[in-house]
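Asks: Here's a structure for you.
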Amino acid sequence: MHQHRTRVLAVLVAVLALVVAAVTPAAASHPSGPKPTIVLVHGAWADGSSWQKVTNKLVDDGYTVRVPPNPLRNLQTDAETIRDFLSTLSGPIVLVGHSYGGAVITNAATGNANVKALVYVDAFAPADGEVIFPLAGQDSALAVPDPSTVFDFVPYPGAPAGDVDLYLKHDTFVKSFASGLSRSAAEKLYPSQRPLTLSAGNGTSGPPAWASIKSWYVLGTKDLIITPTAQNFMATRAHSIITRIPTGHLGLISDPGPITKVIETAARASR
């Protein structure tokens, strides 16, 4: 009888050890802080609707999501607009930028202690003193000798001398900017593009938030607007955690799943 009790006790101890081993790592890795608010900043020739599929997935997963409009007027004032918006939020923030929106978050998050993580999606991540457009890469569809072949120049009221709104020409938008989408989807996006000013694209960036805030980078390996080589350079320099996906510049529309996953990874790491 004594030997039987000893054997039963030994089995119970072994089972308990297995349970502890299975449960302890999960408990240790479970986030303890509040879920951050996720702020998504759109880029040029787009608006907040470009984030719609990602927004839907994040909301379904229980996150509070905000998608403030990016004015696309001037890099410094665009950053100030987002910085002022962030100042109205309480608690931790994960700040995400697509394309030109990456340059905006790089400037907007500097000095904001609530921003716990940055996520760049096919985005500019400039260093202090860098101009935005040249960072797209030498092989970018926008890096052409004659800008009038890819842009329509449109005047706007109150523009500084020499400044204009830049709209992407039809073929540039459909074949390069929206590459990776079906032709039908690209054609439907083209009419509602929001212009970026020439001065914003040539704006000079300030001290980068990525120098002090941990960052993640989603790199579209088929991007024709900000080339994969240019993206890799900026992401590596920022010491970002890089995820490569085989998409064009609008991966947030064509393949939102992996992008949402990276954002949620950053959100969990910030808790």
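The chains in the structure tokens are called A, B, ... from first to last as shown; in each chain the residues are counted from 1, and the ligands are counted from 1 in the order shown.
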Mind checking which residues fall within 10 Å of Ala109 (chain A), counting only C-alpha atoms, ignoring those fewer than 2 positions away in the same chain, and posting them as a tab-separated table (two decimals) with C-alpha atoms, in the first residue's frame?
Replies:
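Final output, saved to around_2.tsv:
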chain	number	residue	atom	x	y	z
A	79	ALA	CA	4.11	66.66	-38.09
A	80	GLU	CA	2.81	69.36	-35.75
A	82	ILE	CA	-0.16	64.80	-35.74
A	83	ARG	CA	1.85	65.81	-32.66
A	86	LEU	CA	-1.27	62.70	-30.06
A	93	ILE	CA	0.49	54.85	-28.22
A	94	VAL	CA	1.73	52.84	-31.17
A	95	LEU	CA	2.29	55.25	-34.06
A	104	VAL	CA	5.52	62.63	-40.52
A	105	ILE	CA	5.60	60.17	-37.59
A	106	THR	CA	9.39	60.38	-37.48
A	107	ASN	CA	9.00	64.05	-36.60
A	111	GLY	CA	9.75	63.95	-27.34
A	112	ASN	CA	6.37	62.27	-26.73
A	113	ALA	CA	6.84	59.80	-23.87
A	114	ASN	CA	3.49	58.13	-24.59
A	115	VAL	CA	4.64	56.84	-27.98
A	116	LYS	CA	6.02	53.42	-27.14
A	117	ALA	CA	6.55	52.04	-30.64
A	118	LEU	CA	6.82	53.19	-34.24
A	208	PRO	CA	14.14	61.40	-35.74
A	209	ALA	CA	11.92	59.69	-33.19
A	210	TRP	CA	13.33	56.32	-34.25
A	212	SER	CA	14.93	56.86	-29.15
A	213	ILE	CA	11.76	54.81	-29.80
Asks: Quick check for you: according to DSSP on this backbone, which residues of region 23-203 of chain A are classed as strand (DSSP E)? Reply as a ChimeraX atom specification.
Replies: /A:37-41,65-66,93-98,115-121,151-154,165-168,196-197
Asks: For a test of reading the model, state the distance in Å between CA of Tyr120 (chain A) and CA of Val174 (chain A), rounded to one decimal.
Replies: 22.9 Å
Asks: Have a look at CA of Leu40 (chain A) and CA of His98 (chain A) and let me know their distance in Å, one decimal.
Replies: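 Separation between CA of Leu40 (chain A) and CA of His98 (chain A): 8.1 Å.
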Asks: Can you tell me, as a list in words, what residues are no more than 12 Å from Ala269 (chain A) when counting only C-alpha atoms, ignoring any on the same chain fewer than 2 positions away?
Replies: Ser29, His30, Pro31, Ser32, Gly33, Pro34, Lys35, Pro36, Pro92, Ile93, Val94, Lys116, Ala117, Leu118, Lys214, Ser215, Trp216, Ile241, Val262, Ile263, Glu264, Thr265, Ala266, Ala267 and Arg271 of chain A
Asks: Deliver the residues from the most recent selection as a file, using N, CA and C atoms, as a short mmCIF file (atom, residue, chain, number, x, y, z; two decimals), in the first residue's frame.
Replies:
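Wrote it out as selection.cif, contents follow:
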data_model
loop_
_atom_site.label_atom_id
_atom_site.label_comp_id
_atom_site.auth_asym_id
_atom_site.auth_seq_id
_atom_site.Cartn_x
_atom_site.Cartn_y
_atom_site.Cartn_z
N SER A 29 4.86 35.71 -20.48
CA SER A 29 4.91 36.56 -21.67
C SER A 29 3.62 37.35 -21.88
N HIS A 30 2.63 37.12 -21.05
CA HIS A 30 1.35 37.81 -21.22
C HIS A 30 1.50 39.28 -20.87
N PRO A 31 1.09 40.18 -21.77
CA PRO A 31 1.23 41.61 -21.48
C PRO A 31 0.46 41.99 -20.22
N SER A 32 1.06 42.85 -19.42
CA SER A 32 0.44 43.24 -18.16
C SER A 32 -0.14 44.65 -18.20
N GLY A 33 0.33 45.49 -19.10
CA GLY A 33 -0.13 46.87 -19.16
C GLY A 33 -1.35 47.03 -20.03
N PRO A 34 -1.90 48.25 -20.11
CA PRO A 34 -3.08 48.49 -20.94
C PRO A 34 -2.75 48.40 -22.42
N LYS A 35 -3.75 48.03 -23.21
CA LYS A 35 -3.55 48.01 -24.66
C LYS A 35 -3.31 49.44 -25.15
N PRO A 36 -2.32 49.63 -26.00
CA PRO A 36 -2.07 50.98 -26.50
C PRO A 36 -3.12 51.39 -27.52
N PRO A 92 -0.48 54.63 -23.45
CA PRO A 92 0.52 54.30 -24.46
C PRO A 92 -0.03 54.37 -25.88
N ILE A 93 0.86 54.68 -26.81
CA ILE A 93 0.49 54.85 -28.22
C ILE A 93 1.46 54.06 -29.09
N VAL A 94 0.91 53.39 -30.08
CA VAL A 94 1.73 52.84 -31.17
C VAL A 94 1.42 53.69 -32.40
N LYS A 116 5.19 54.54 -27.58
CA LYS A 116 6.02 53.42 -27.14
C LYS A 116 6.62 52.63 -28.30
N ALA A 117 6.05 52.79 -29.48
CA ALA A 117 6.55 52.04 -30.64
C ALA A 117 6.18 52.77 -31.91
N LEU A 118 7.05 52.66 -32.90
CA LEU A 118 6.82 53.19 -34.24
C LEU A 118 6.75 52.02 -35.20
N LYS A 214 11.65 52.41 -30.07
CA LYS A 214 11.79 51.15 -30.80
C LYS A 214 10.86 51.14 -32.00
N SER A 215 11.34 50.57 -33.10
CA SER A 215 10.55 50.60 -34.33
C SER A 215 10.52 49.26 -35.05
N TRP A 216 9.45 49.10 -35.81
CA TRP A 216 9.25 47.96 -36.70
C TRP A 216 9.09 48.51 -38.12
N ILE A 241 12.93 46.43 -36.55
CA ILE A 241 12.69 45.01 -36.77
C ILE A 241 11.98 44.90 -38.11
N VAL A 262 2.24 42.75 -37.72
CA VAL A 262 3.41 43.49 -37.25
C VAL A 262 2.99 44.59 -36.28
N ILE A 263 1.91 45.30 -36.62
CA ILE A 263 1.42 46.36 -35.73
C ILE A 263 1.05 45.79 -34.37
N GLU A 264 0.38 44.65 -34.36
CA GLU A 264 -0.02 44.04 -33.09
C GLU A 264 1.19 43.50 -32.32
N THR A 265 2.20 43.05 -33.02
CA THR A 265 3.44 42.63 -32.37
C THR A 265 4.07 43.83 -31.65
N ALA A 266 4.11 44.97 -32.32
CA ALA A 266 4.64 46.18 -31.70
C ALA A 266 3.79 46.60 -30.52
N ALA A 267 2.47 46.44 -30.65
CA ALA A 267 1.57 46.81 -29.56
C ALA A 267 1.79 45.94 -28.32
N ARG A 271 3.58 46.92 -24.11
CA ARG A 271 2.78 46.84 -22.88
C ARG A 271 3.64 46.39 -21.70
#
Asks: Quick one: everything within 6 Å of Thr247 (chain A), counting only C-alpha atoms, minus sequence neighbours fewer than 4 positions away in the same chain. Send it as a list of chain:residue names.
Replies: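 Result of the neighbour search: A:Gly220, A:Thr221, A:Lys222, A:Gly251.
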Asks: What are the DSSP alpha helix (DSSP H) residues of region 133-267 of chain A, as number ranges by chain?
Replies: A: 170-171, 183-189, 198-201, 228-237, 251-254, 256-267
